[in-house]
Structures are given as C-alpha cells and as structure tokens.
>>> print(open('structure-v8.csv').read())   # CSV, C-alpha atoms
chain,number,residue,atom,x,y,z
E,1,MET,CA,150.2,44.7,78.7
E,2,ALA,CA,147.3,47.2,78.7
E,3,TYR,CA,147.6,50.9,79.0
E,4,LYS,CA,145.3,53.6,80.4
E,5,VAL,CA,144.9,56.2,77.7
E,6,ALA,CA,143.4,59.7,77.9
E,7,VAL,CA,142.2,61.6,74.9
E,8,VAL,CA,142.2,65.4,75.4
E,9,GLY,CA,140.0,67.2,72.9
E,10,ALA,CA,137.8,64.1,72.5
E,11,THR,CA,134.9,66.1,71.0
E,12,GLY,CA,136.9,67.6,68.1
E,13,ASN,CA,137.5,66.1,64.6
E,14,VAL,CA,140.9,64.6,65.5
E,15,GLY,CA,139.9,63.5,69.0
E,16,ARG,CA,137.0,61.5,67.7
E,17,GLU,CA,139.3,60.0,65.0
E,18,MET,CA,141.8,59.1,67.7
E,19,LEU,CA,139.1,57.1,69.6
E,20,ASP,CA,138.0,55.4,66.4
E,21,ILE,CA,141.5,54.4,65.4
E,22,LEU,CA,142.4,53.2,68.9
E,23,ALA,CA,139.4,50.8,68.6
E,24,GLU,CA,140.1,49.9,64.9
E,25,ARG,CA,143.8,49.0,65.6
E,26,ARG,CA,142.9,47.2,68.9
E,27,PHE,CA,145.5,49.2,70.8
E,28,PRO,CA,145.7,47.4,74.2
E,29,VAL,CA,143.9,49.6,76.6
E,30,SER,CA,142.9,48.9,80.2
E,31,GLU,CA,140.8,52.1,80.2
E,32,VAL,CA,140.1,55.0,77.8
E,33,VAL,CA,139.2,58.4,79.2
E,34,ALA,CA,137.6,61.2,77.1
E,35,LEU,CA,138.6,64.7,78.2
E,36,ALA,CA,137.5,68.1,77.0
E,37,SER,CA,136.7,71.6,78.1
E,38,PRO,CA,134.1,72.4,80.8
E,39,ARG,CA,131.5,73.3,78.1
E,40,SER,CA,131.7,69.7,76.8
E,41,ILE,CA,131.3,67.9,80.1
E,42,GLY,CA,129.0,64.9,79.7
E,43,THR,CA,129.1,65.0,75.9
E,44,GLU,CA,129.1,61.5,74.6
E,45,VAL,CA,131.7,60.2,72.2
E,46,SER,CA,132.2,56.7,70.7
E,47,PHE,CA,135.0,54.3,71.4
E,48,GLY,CA,134.4,51.1,69.4
E,49,ASP,CA,131.0,49.8,70.4
E,50,ARG,CA,131.1,51.7,73.7
E,51,THR,CA,130.0,55.3,74.6
E,52,LEU,CA,132.2,57.5,76.7
E,53,LYS,CA,131.1,60.6,78.6
E,54,CYS,CA,133.6,63.4,78.5
E,55,LYS,CA,135.2,64.5,81.7
E,56,VAL,CA,136.9,67.9,82.3
E,57,LEU,CA,140.6,68.3,81.7
E,58,ASP,CA,141.1,71.0,84.3
E,59,SER,CA,140.3,68.7,87.3
E,60,TYR,CA,141.6,65.3,86.0
E,61,ASP,CA,144.3,63.4,87.8
E,62,PHE,CA,146.8,61.8,85.4
E,63,SER,CA,148.9,60.0,88.0
E,64,ASP,CA,147.6,56.6,86.9
E,65,VAL,CA,147.4,57.4,83.1
E,66,ASP,CA,150.1,55.9,80.8
E,67,ILE,CA,149.5,57.8,77.5
E,68,CYS,CA,147.7,61.1,76.8
E,69,LEU,CA,146.7,61.7,73.2
E,70,MET,CA,146.3,65.5,73.0
E,71,SER,CA,144.5,67.4,70.2
E,72,ALA,CA,143.2,70.5,71.9
E,73,GLY,CA,145.2,73.3,70.3
E,74,GLY,CA,148.5,75.0,71.0
E,75,SER,CA,147.6,77.1,74.0
E,76,VAL,CA,146.1,74.1,75.9
E,77,ALA,CA,149.1,71.9,75.0
E,78,LYS,CA,151.6,74.6,76.1
E,79,GLU,CA,149.9,74.8,79.5
E,80,TRP,CA,148.9,71.2,80.1
E,81,ALA,CA,151.4,68.9,78.4
E,82,PRO,CA,154.2,69.7,81.0
E,83,ARG,CA,151.8,69.3,83.9
E,84,ILE,CA,150.6,65.9,82.6
E,85,GLY,CA,154.1,64.8,81.8
E,86,ALA,CA,155.2,65.7,85.3
E,87,GLN,CA,152.7,63.1,86.6
E,88,GLY,CA,154.5,60.4,84.7
E,89,CYS,CA,152.1,60.3,81.7
E,90,VAL,CA,153.6,60.5,78.2
E,91,VAL,CA,151.8,63.2,76.1
E,92,ILE,CA,151.6,62.7,72.4
E,93,ASP,CA,150.6,66.2,71.2
E,94,ASN,CA,149.0,67.0,67.9
E,95,SER,CA,149.5,70.8,68.1
E,96,SER,CA,152.4,73.0,67.0
E,97,ALA,CA,153.3,73.9,70.6
E,98,TRP,CA,156.2,71.5,71.1
E,99,ARG,CA,157.3,70.5,67.7
E,100,MET,CA,160.4,72.6,67.5
E,101,ASP,CA,161.5,72.2,71.2
E,102,PRO,CA,164.9,70.5,71.1
E,103,ASP,CA,164.0,68.3,74.0
E,104,VAL,CA,160.8,67.0,72.4
E,105,PRO,CA,161.0,64.3,69.7
E,106,LEU,CA,159.0,65.1,66.5
E,107,VAL,CA,158.0,61.7,65.2
E,108,VAL,CA,156.6,60.1,62.1
E,109,PRO,CA,157.0,56.3,62.8
E,110,GLU,CA,157.7,55.3,59.2
E,111,VAL,CA,160.5,57.9,59.0
E,112,ASN,CA,162.2,58.3,62.4
E,113,ALA,CA,160.6,55.9,64.9
E,114,ALA,CA,163.9,55.7,66.9
E,115,ALA,CA,163.6,59.4,67.8
E,116,ALA,CA,160.6,58.5,70.1
E,117,ALA,CA,163.1,57.2,72.7
E,118,GLY,CA,164.0,60.8,73.5
E,119,PHE,CA,160.6,61.5,75.1
E,120,SER,CA,161.9,61.0,78.7
E,121,LYS,CA,163.3,64.6,79.0
E,122,LYS,CA,159.8,66.1,79.1
E,123,ASN,CA,157.5,63.1,78.7
E,124,ILE,CA,156.2,64.8,75.5
E,125,ILE,CA,156.3,63.6,71.9
E,126,ALA,CA,155.1,65.9,69.1
E,127,ASN,CA,153.0,65.0,66.1
E,128,PRO,CA,154.1,67.0,63.0
E,129,ASN,CA,151.8,69.2,60.9
E,130,CYS,CA,149.4,67.2,58.8
E,131,SER,CA,150.9,68.4,55.5
E,132,THR,CA,154.4,67.5,56.7
E,133,ALA,CA,153.5,64.0,57.9
E,134,GLN,CA,152.4,62.7,54.5
E,135,LEU,CA,155.3,64.5,52.7
E,136,VAL,CA,158.1,62.9,54.8
E,137,VAL,CA,156.5,59.5,54.5
E,138,ALA,CA,156.9,59.8,50.7
E,139,LEU,CA,160.3,61.5,50.8
E,140,LYS,CA,162.1,59.2,53.3
E,141,PRO,CA,162.6,56.1,51.1
E,142,LEU,CA,163.7,58.3,48.1
E,143,HIS,CA,166.1,60.3,50.3
E,144,ASP,CA,167.6,57.0,51.5
E,145,ALA,CA,168.1,55.9,47.9
E,146,ALA,CA,169.4,59.1,46.2
E,147,THR,CA,169.8,61.9,48.8
E,148,ILE,CA,167.4,64.8,48.4
E,149,LYS,CA,168.9,68.2,47.9
E,150,ARG,CA,165.9,70.4,47.4
E,151,VAL,CA,162.1,70.1,47.5
E,152,VAL,CA,159.4,72.5,46.0
E,153,VAL,CA,156.0,71.6,47.3
E,154,SER,CA,152.6,73.1,46.6
E,155,THR,CA,149.8,71.9,48.9
E,156,TYR,CA,146.1,71.6,48.3
E,157,GLN,CA,144.8,71.3,51.9
E,158,SER,CA,141.2,70.4,52.9
E,159,VAL,CA,139.1,72.5,55.2
E,160,SER,CA,139.1,69.8,57.9
E,161,GLY,CA,142.7,71.0,58.6
E,162,ALA,CA,141.0,74.0,60.2
E,163,GLY,CA,138.7,71.9,62.4
E,164,LYS,CA,135.0,71.5,62.5
E,165,GLU,CA,134.5,75.2,62.0
E,166,GLY,CA,136.3,75.0,58.7
E,167,MET,CA,134.1,72.1,57.5
E,168,ASP,CA,131.0,73.8,58.7
E,169,GLU,CA,132.0,77.0,56.8
E,170,LEU,CA,132.5,75.2,53.5
E,171,PHE,CA,129.1,73.4,53.9
E,172,ALA,CA,127.3,76.6,54.8
E,173,GLN,CA,128.9,78.6,52.0
E,174,THR,CA,128.2,76.0,49.4
E,175,ARG,CA,124.5,75.8,50.4
E,176,SER,CA,124.4,79.6,50.3
E,177,VAL,CA,125.8,79.7,46.8
E,178,PHE,CA,123.1,77.2,45.5
E,179,VAL,CA,120.2,79.1,47.0
E,180,ALA,CA,121.6,82.5,46.2
E,181,ASN,CA,122.0,83.7,49.8
E,182,PRO,CA,124.9,86.0,50.9
E,183,VAL,CA,128.1,84.1,51.5
E,184,GLU,CA,129.8,84.8,54.9
E,185,ALA,CA,133.5,84.2,55.6
E,186,LYS,CA,134.2,83.7,59.3
E,187,LYS,CA,136.8,81.0,59.7
E,188,PHE,CA,138.7,81.7,56.5
E,189,PRO,CA,140.0,85.1,55.3
E,190,LYS,CA,138.0,84.8,52.0
E,191,ARG,CA,135.2,82.7,50.7
E,192,ILE,CA,136.2,79.0,50.4
E,193,ALA,CA,133.2,77.6,48.5
E,194,PHE,CA,134.1,77.2,44.8
E,195,ASN,CA,137.4,79.0,45.5
E,196,LEU,CA,141.0,78.6,46.6
E,197,ILE,CA,142.8,80.5,49.3
E,198,PRO,CA,146.6,80.8,49.1
E,199,GLN,CA,147.0,81.4,52.8
E,200,ILE,CA,147.0,78.9,55.7
E,201,ASP,CA,147.9,80.3,59.1
E,202,VAL,CA,149.3,83.8,59.6
E,203,PHE,CA,151.8,85.7,57.5
E,204,MET,CA,155.4,86.0,58.7
E,205,GLU,CA,157.8,88.9,58.0
E,206,ASP,CA,159.4,87.2,55.0
E,207,GLY,CA,156.0,86.8,53.2
E,208,PHE,CA,155.7,83.1,53.8
E,209,THR,CA,152.8,81.8,56.0
E,210,LYS,CA,153.3,80.0,59.3
E,211,GLU,CA,152.1,76.8,57.6
E,212,GLU,CA,154.7,77.1,55.0
E,213,TRP,CA,157.4,77.7,57.6
E,214,LYS,CA,156.2,74.6,59.6
E,215,MET,CA,156.7,72.4,56.5
E,216,VAL,CA,160.3,73.6,56.1
E,217,ALA,CA,161.3,73.4,59.8
E,218,GLU,CA,159.6,70.1,60.5
E,219,THR,CA,160.9,68.3,57.5
E,220,LYS,CA,164.5,69.4,58.5
E,221,LYS,CA,164.0,68.1,62.0
E,222,ILE,CA,162.3,64.8,61.1
E,223,LEU,CA,164.2,63.9,57.9
E,224,ASP,CA,167.4,65.9,57.3
E,225,PRO,CA,168.5,69.4,58.2
E,226,LYS,CA,170.4,69.7,54.9
E,227,ILE,CA,167.3,69.4,52.8
E,228,LYS,CA,166.3,72.7,51.2
E,229,LEU,CA,162.5,73.1,51.0
E,230,VAL,CA,160.1,75.8,49.9
E,231,ALA,CA,156.3,75.5,50.2
E,232,THR,CA,153.2,77.2,49.0
E,233,CYS,CA,150.2,76.1,51.1
E,234,VAL,CA,146.7,76.5,49.7
E,235,ARG,CA,143.3,75.8,51.2
E,236,VAL,CA,140.9,74.2,48.8
E,237,PRO,CA,137.1,73.4,49.0
E,238,VAL,CA,137.6,69.7,49.9
E,239,PHE,CA,136.3,68.3,53.2
E,240,ILE,CA,138.9,65.7,54.0
E,241,GLY,CA,142.3,64.9,52.4
E,242,HIS,CA,145.4,66.9,51.7
E,243,SER,CA,147.1,66.8,48.3
E,244,GLU,CA,150.6,67.9,47.4
E,245,ALA,CA,152.4,68.5,44.1
E,246,VAL,CA,156.1,67.8,44.9
E,247,ASN,CA,159.2,68.6,42.9
E,248,ILE,CA,162.3,66.9,44.2
E,249,GLU,CA,166.0,67.4,43.2
E,250,PHE,CA,168.4,64.6,44.2
E,251,GLU,CA,172.2,64.4,44.5
E,252,LYS,CA,172.3,61.1,42.7
E,253,PRO,CA,170.5,59.9,39.6
E,254,ILE,CA,167.1,58.2,40.1
E,255,SER,CA,164.6,57.3,37.4
E,256,ALA,CA,160.8,57.4,37.7
E,257,ASP,CA,160.7,53.6,37.5
E,258,GLU,CA,163.2,53.3,40.3
E,259,ALA,CA,161.3,55.7,42.4
E,260,ARG,CA,158.1,53.8,41.8
E,261,ASN,CA,159.6,50.5,42.9
E,262,ILE,CA,161.2,52.1,46.0
E,263,LEU,CA,157.9,53.7,47.0
E,264,ARG,CA,156.0,50.4,46.4
E,265,ALA,CA,158.2,48.7,49.0
E,266,ALA,CA,158.1,51.6,51.5
E,267,PRO,CA,156.1,51.4,54.8
E,268,GLY,CA,152.9,53.5,54.8
E,269,VAL,CA,153.0,54.2,51.1
E,270,LEU,CA,150.7,53.0,48.3
E,271,VAL,CA,151.6,53.8,44.7
E,272,ILE,CA,148.7,54.2,42.3
E,273,ASP,CA,150.3,55.4,39.1
E,274,LYS,CA,148.8,54.4,35.8
E,275,HIS,CA,149.3,56.6,32.7
E,276,GLU,CA,145.6,56.8,31.9
E,277,ALA,CA,142.5,58.8,32.8
E,278,GLY,CA,141.8,58.2,36.5
E,279,GLY,CA,145.0,56.3,37.1
E,280,TYR,CA,145.9,58.3,40.2
E,281,ILE,CA,144.5,59.0,43.7
E,282,THR,CA,142.4,62.0,44.7
E,283,PRO,CA,141.5,63.2,48.2
E,284,HIS,CA,138.0,61.8,47.9
E,285,GLU,CA,139.4,58.3,47.6
E,286,ALA,CA,142.0,58.8,50.3
E,287,ALA,CA,139.5,59.9,52.9
E,288,GLY,CA,139.1,57.2,55.6
E,289,GLU,CA,142.3,55.4,54.5
E,290,ASP,CA,145.6,55.1,56.4
E,291,ALA,CA,148.1,55.1,53.6
E,292,THR,CA,150.0,58.0,52.0
E,293,TYR,CA,149.2,57.6,48.3
E,294,VAL,CA,151.7,58.6,45.6
E,295,SER,CA,150.8,59.0,41.9
E,296,ARG,CA,152.0,60.8,38.8
E,297,ILE,CA,155.7,59.9,39.4
E,298,ARG,CA,157.7,61.4,36.5
E,299,THR,CA,161.1,62.8,35.6
E,300,ASP,CA,161.5,66.6,36.0
E,301,PRO,CA,163.4,67.7,32.8
E,302,THR,CA,164.2,71.1,34.2
E,303,VAL,CA,166.9,70.0,36.7
E,304,ASP,CA,169.5,67.3,36.9
E,305,ASN,CA,168.3,64.2,38.9
E,306,GLY,CA,164.8,65.6,39.3
E,307,LEU,CA,161.4,63.9,39.9
E,308,VAL,CA,157.8,65.2,40.2
E,309,LEU,CA,155.1,63.4,42.1
E,310,TRP,CA,151.5,63.8,43.5
E,311,CYS,CA,151.0,62.8,47.1
E,312,VAL,CA,147.6,62.5,48.9
E,313,SER,CA,146.6,61.4,52.4
E,314,ASP,CA,143.7,61.7,54.9
E,315,ASN,CA,144.8,64.6,57.0
E,316,LEU,CA,142.7,63.6,60.0
E,317,ARG,CA,144.2,60.1,60.0
E,318,LYS,CA,147.9,60.0,58.9
E,319,GLY,CA,148.2,63.7,59.3
E,320,ALA,CA,147.0,63.6,62.9
E,321,ALA,CA,145.2,60.8,64.8
E,322,LEU,CA,146.7,57.8,63.1
E,323,ASN,CA,150.2,59.1,63.5
E,324,ALA,CA,149.7,59.8,67.2
E,325,ILE,CA,148.5,56.2,67.8
E,326,GLN,CA,151.4,54.8,65.7
E,327,ILE,CA,153.7,56.7,68.1
E,328,ALA,CA,152.0,55.0,71.0
E,329,GLU,CA,152.5,51.7,69.3
E,330,VAL,CA,156.2,52.5,68.9
E,331,LEU,CA,156.4,53.1,72.7
E,332,MET,CA,154.8,49.8,73.3
E,333,ASN,CA,156.5,47.7,70.7
E,334,ARG,CA,160.0,49.0,71.5
E,335,LYS,CA,159.3,48.5,75.2
E,336,LEU,CA,159.9,52.2,75.9
E,337,LEU,CA,156.9,52.5,78.1
E,338,ALA,CA,155.5,50.0,80.6
E,339,PRO,CA,152.0,50.4,82.0
E,340,LYS,CA,151.8,51.9,85.5
E,341,LYS,CA,149.3,49.2,86.5
E,342,LYS,CA,149.9,45.6,85.8
E,343,ALA,CA,147.0,43.6,84.6
E,344,ALA,CA,145.4,41.5,87.3
>>> encode(input="structure-v8.csv", output="structure tokens")
Amino acid sequence: MAYKVAVVGATGNVGREMLDILAERRFPVSEVVALASPRSIGTEVSFGDRTLKCKVLDSYDFSDVDICLMSAGGSVAKEWAPRIGAQGCVVIDNSSAWRMDPDVPLVVPEVNAAAAAGFSKKNIIANPNCSTAQLVVALKPLHDAATIKRVVVSTYQSVSGAGKEGMDELFAQTRSVFVANPVEAKKFPKRIAFNLIPQIDVFMEDGFTKEEWKMVAETKKILDPKIKLVATCVRVPVFIGHSEAVNIEFEKPISADEARNILRAAPGVLVIDKHEAGGYITPHEAAGEDATYVSRIRTDPTVDNGLVLWCVSDNLRKGAALNAIQIAEVLMNRKLLAPKKKAA
C-alpha cells in the first residue's frame, strides 16, 4: 500500500522536517505534495533525493490525497482542516487549533495510539504541544507502574519552538552582542541572546501563560485527567531541543532504580543516567535524534513516593514532525486508513 501525502507549511522548520522524516522512515508514499501560501509558490524543498516545488494550498484539490500533514499555524488549521477532512483526507495537525476538541484525538503513539481510531468524526488528528509530547512519553510508563498523582515541571524551551523567526532572532542578537551593535527584540518580548524569558505564548487571567495551560490540559487528555500538573515554561537561548526538569509524586512507592529500569524498557525513551560529570543528555546532543532522553533520575525526599528527572528531546522531531508521521504509521499499521488509489 502506498499513500498520497500532502505537507501543508512545507517551507517552515517543521514542514521541512516532516519531508525529511517521511523519507528517512521510508513511509510508503505514491506521491508527496508540498503546499504553502501563495508567497511561497515555486519554492523548492527537499524530499529524500528529490526536489519538490511548492504548490498553493488555497487552490489545491485534496479529493485524491490520503493524509495531510499540516504545520501552518492555528488560523490556517482552523479554516482548512475541516475543508480537507470533508474531502476524505485525514489531517494530522501540528497546531493548537484542534487539540482540545472532544471529537479530535490528541495522540502520542507511544502513549495512546489506540485513540487515533477516533479520527473518523472529523478526519482530523491533533499533534500535542512539543513540550507536552516528550513529557508524556516519559511519564506514561511510570504512570502505568505507580500511578502519578502530581507533576511539577519547569521547561527550558529552544527558540525553534517559535519557528524560523525565533531562530533568526537568536542568531542576529548573538551576533549583535559580539560586535557591540544594538540588540533588537521583535519575535520575543525581551532579548533572548544570553538571557532567559519566563514567558511562552500569551498570559491568561490566572497568571499562567497559554503554553503552561496547554501542558496541563493536553497531559490530562492524553494520559489521565486525574493527574495534577503545574508548569513554568521558559524560553532559553538554544536553537533546537527542549529540556524539562520534572518532579513527580506517585500514589505507590517507586525507587529511582525501578524507574530507571522501567524507562529503559519503554518505547521512545533512552536513559542516559551516570552519576558523573557529563553523564546526562543536553539539548545539543538530542538535536537530530528521535528519542526522548531521560537523565538525572533520583528520589525526591520532600514528598512521599517522589521522583525527580531531567527530560530532553528534539522539539522539531518528537515534538512535532516525527510524532505526526508516527501517527500516520499508526493509521497504516492498524489498518485504520486504506489508500484511495490502489497501486497499479
């Protein structure tokens, strides 16, 4: 079986990553179509050893497309995902537009692959927020073993989470600092070069930011609505790779050694945890990798049945593009979606 796949937002960071990962994982495609806004028409993007020219989303006919991987922002997804779904094409959307819709599955394949079967109501499946995706991959096997009551997470999120503009701003500001030029902040509310910004997305009435709310709401939907979670999300001057310091309180006793063994056997997780200088993973090392890395696993002595850990992943891959393609693989492997056109 081979599927016709469209990538919407093909010129962006995540869109390009989607094309790379489709080729890397040899997803069975009969055709791949790169789609973008009118200003990007004709722009060339790579798919394996081939070059694709971008076509315009606004005028494209999806009636013979099987899967649409969408990474074009919330407003585009809100408008176009239902239209594309109505043409019988399954949309796997990377924006926040559909995540909390009760008729749209929110899926991380290592955690809740079975939920993907619910796509048929709207022909839309949502990808979670990048910081949520890696967190639930690490939490799921521990929750199965000892039942999580409460999570306190502090994130250290790279500028690529804010798109190409975020990466360009860090680069430009860093260069300006070195040559003693004025530092301009456009994409971020404050200077990001050699700095930290304790704000990602807009503030809400309760003082939390939208990013922090997303982590709470999405973890409950994906993993367990009973889990209590509080987050502080921080933007850091790193190009690729989100990191998280995670405190977990369980209902049942669980030791650090037990957690280490459970996580070593868990899908999508790699444990790098040596009690020595450098015996842990940093975002620099996780960039370009598929795994969610877990390090610094230790007992939290301030609560009963508590653990602390450090979690790192490439936000453009597991946090976005890879997760979307893994969802497509779930549809294929579980025979939830047959190609519209049979191979000749």
>>> atom_distance(input="structure-v8.csv", atom1="atom CA of E:Gly12", atom2="atom CA of E:Lys220")
29.3 Å
>>> residues_around(input="structure-v8.csv", residues="E:Glu251", least_positions_apart="4", cutoff="9 Å", atoms="only C-alpha atoms", output="list in words")
Ala146, Thr147, Ile148, Lys149, Asp304 and Asn305 of chain E
>>> closest_residue(input="structure-v8.csv", among="E:Leu336, E:Tyr60, E:Val294, E:Ala324", to="E:Leu19", atoms="only C-alpha atoms")
E:Ala324
>>> closest_atom_pairs(input="structure-v8.csv", of="stretch 192-251 of chain E", to="stretch 279-292 of chain E", cutoff="7 Å", atoms="all atoms listed in the file", output="JSON lines")
{"residue": "E:Ile240", "atom": "CA", "partner": "E:Ala287", "partner_atom": "CA", "distance": 5.9}
{"residue": "E:Gly241", "atom": "CA", "partner": "E:Pro283", "partner_atom": "CA", "distance": 4.6}
{"residue": "E:His242", "atom": "CA", "partner": "E:Pro283", "partner_atom": "CA", "distance": 6.4}
{"residue": "E:Ser243", "atom": "CA", "partner": "E:Pro283", "partner_atom": "CA", "distance": 6.7}
>>> write_last_selection(input="structure-v8.csv", atoms="C-alpha atoms", output="PDB file, in the coordinates of the input")
ATOM      1  CA  ILE E 240     138.900  65.700  54.000  1.00  0.00           C
ATOM      2  CA  GLY E 241     142.300  64.900  52.400  1.00  0.00           C
ATOM      3  CA  HIS E 242     145.400  66.900  51.700  1.00  0.00           C
ATOM      4  CA  SER E 243     147.100  66.800  48.300  1.00  0.00           C
TER       5      SER E 243
END
>>> closest_residue(input="structure-v8.csv", among="E:Asp49, E:Asp66, E:Asp61, E:Asp300", to="E:Pro28", atoms="all atoms listed in the file")
E:Asp66
>>> residues_around(input="structure-v8.csv", residues="stretch 120-131 of chain E", least_positions_apart="5", cutoff="9 Å", atoms="all atoms listed in the file", output="PyMOL selection string")
chain E and resi 81-82+84-86+88-100+103-108+155+157+161+211+214-215+218-219+222+233+242-244+313-321+323-324+327
>>> write_last_selection(input="structure-v8.csv", atoms="C-alpha atoms", output="short mmCIF file (atom, residue, chain, number, x, y, z; two decimals), in the frame of the given file")
data_model
loop_
_atom_site.label_atom_id
_atom_site.label_comp_id
_atom_site.auth_asym_id
_atom_site.auth_seq_id
_atom_site.Cartn_x
_atom_site.Cartn_y
_atom_site.Cartn_z
CA ALA E 81 151.40 68.90 78.40
CA PRO E 82 154.20 69.70 81.00
CA ILE E 84 150.60 65.90 82.60
CA GLY E 85 154.10 64.80 81.80
CA ALA E 86 155.20 65.70 85.30
CA GLY E 88 154.50 60.40 84.70
CA CYS E 89 152.10 60.30 81.70
CA VAL E 90 153.60 60.50 78.20
CA VAL E 91 151.80 63.20 76.10
CA ILE E 92 151.60 62.70 72.40
CA ASP E 93 150.60 66.20 71.20
CA ASN E 94 149.00 67.00 67.90
CA SER E 95 149.50 70.80 68.10
CA SER E 96 152.40 73.00 67.00
CA ALA E 97 153.30 73.90 70.60
CA TRP E 98 156.20 71.50 71.10
CA ARG E 99 157.30 70.50 67.70
CA MET E 100 160.40 72.60 67.50
CA ASP E 103 164.00 68.30 74.00
CA VAL E 104 160.80 67.00 72.40
CA PRO E 105 161.00 64.30 69.70
CA LEU E 106 159.00 65.10 66.50
CA VAL E 107 158.00 61.70 65.20
CA VAL E 108 156.60 60.10 62.10
CA THR E 155 149.80 71.90 48.90
CA GLN E 157 144.80 71.30 51.90
CA GLY E 161 142.70 71.00 58.60
CA GLU E 211 152.10 76.80 57.60
CA LYS E 214 156.20 74.60 59.60
CA MET E 215 156.70 72.40 56.50
CA GLU E 218 159.60 70.10 60.50
CA THR E 219 160.90 68.30 57.50
CA ILE E 222 162.30 64.80 61.10
CA CYS E 233 150.20 76.10 51.10
CA HIS E 242 145.40 66.90 51.70
CA SER E 243 147.10 66.80 48.30
CA GLU E 244 150.60 67.90 47.40
CA SER E 313 146.60 61.40 52.40
CA ASP E 314 143.70 61.70 54.90
CA ASN E 315 144.80 64.60 57.00
CA LEU E 316 142.70 63.60 60.00
CA ARG E 317 144.20 60.10 60.00
CA LYS E 318 147.90 60.00 58.90
CA GLY E 319 148.20 63.70 59.30
CA ALA E 320 147.00 63.60 62.90
CA ALA E 321 145.20 60.80 64.80
CA ASN E 323 150.20 59.10 63.50
CA ALA E 324 149.70 59.80 67.20
CA ILE E 327 153.70 56.70 68.10
#
>>> atom_distance(input="structure-v8.csv", atom1="atom CA of E:Thr232", atom2="atom CA of E:Leu139")
17.3 Å
>>> closest_residue(input="structure-v8.csv", among="E:Val179, E:Ile248, E:Leu52, E:Ala113", to="E:Gln326", atoms="only C-alpha atoms")
E:Ala113
>>> atom_distance(input="structure-v8.csv", atom1="atom CA of E:Val234", atom2="atom CA of E:Ala138")
19.6 Å
>>> decode(input="structure-v8.csv", residues="stretch 78-84 of chain E", atoms="all heavy atoms", output="CSV table (one decimal), in the first residue's frame")
chain,number,residue,atom,x,y,z
E,78,LYS,N,-7.5,26.0,11.5
E,78,LYS,CA,-8.9,26.1,11.9
E,78,LYS,C,-9.8,26.2,10.6
E,78,LYS,O,-10.9,25.7,10.6
E,78,LYS,CB,-9.1,27.4,12.7
E,78,LYS,CG,-10.3,27.4,13.6
E,78,LYS,CD,-10.1,26.4,14.8
E,78,LYS,CE,-11.3,26.4,15.7
E,78,LYS,NZ,-11.2,25.3,16.8
E,79,GLU,N,-9.3,26.9,9.6
E,79,GLU,CA,-10.0,27.1,8.4
E,79,GLU,C,-10.0,25.9,7.5
E,79,GLU,O,-11.0,25.5,6.9
E,79,GLU,CB,-9.5,28.4,7.7
E,79,GLU,CG,-10.2,28.6,6.3
E,79,GLU,CD,-9.7,29.8,5.6
E,79,GLU,OE1,-8.7,30.5,6.1
E,79,GLU,OE2,-10.1,30.0,4.4
E,80,TRP,N,-8.8,25.4,7.3
E,80,TRP,CA,-8.6,24.4,6.3
E,80,TRP,C,-8.7,22.9,6.7
E,80,TRP,O,-9.1,22.1,5.9
E,80,TRP,CB,-7.2,24.6,5.6
E,80,TRP,CG,-7.2,25.7,4.7
E,80,TRP,CD1,-6.9,27.0,4.9
E,80,TRP,CD2,-7.7,25.7,3.3
E,80,TRP,NE1,-7.1,27.8,3.8
E,80,TRP,CE2,-7.6,27.0,2.8
E,80,TRP,CE3,-8.1,24.7,2.5
E,80,TRP,CZ2,-7.9,27.3,1.5
E,80,TRP,CZ3,-8.5,25.0,1.2
E,80,TRP,CH2,-8.4,26.3,0.7
E,81,ALA,N,-8.4,22.6,7.9
E,81,ALA,CA,-8.5,21.2,8.3
E,81,ALA,C,-9.9,20.6,8.1
E,81,ALA,O,-10.0,19.5,7.5
E,81,ALA,CB,-8.1,21.0,9.8
E,82,PRO,N,-11.0,21.3,8.5
E,82,PRO,CA,-12.3,20.7,8.2
E,82,PRO,C,-12.6,20.6,6.7
E,82,PRO,O,-13.3,19.6,6.2
E,82,PRO,CB,-13.3,21.7,8.8
E,82,PRO,CG,-12.5,22.5,9.8
E,82,PRO,CD,-11.1,22.6,9.2
E,83,ARG,N,-12.2,21.6,5.9
E,83,ARG,CA,-12.4,21.5,4.4
E,83,ARG,C,-11.6,20.3,3.8
E,83,ARG,O,-12.2,19.6,3.0
E,83,ARG,CB,-11.8,22.8,3.8
E,83,ARG,CG,-12.6,24.0,4.1
E,83,ARG,CD,-12.1,25.1,3.1
E,83,ARG,NE,-12.4,26.4,3.5
E,83,ARG,CZ,-12.1,27.5,2.8
E,83,ARG,NH1,-11.4,27.4,1.7
E,83,ARG,NH2,-12.4,28.7,3.3
E,84,ILE,N,-10.4,20.1,4.3
E,84,ILE,CA,-9.6,19.0,3.8
E,84,ILE,C,-10.2,17.7,4.2
E,84,ILE,O,-10.3,16.7,3.5
E,84,ILE,CB,-8.1,19.1,4.2
E,84,ILE,CG1,-7.5,20.4,3.6
E,84,ILE,CG2,-7.3,17.9,3.8
E,84,ILE,CD1,-6.2,20.8,4.2
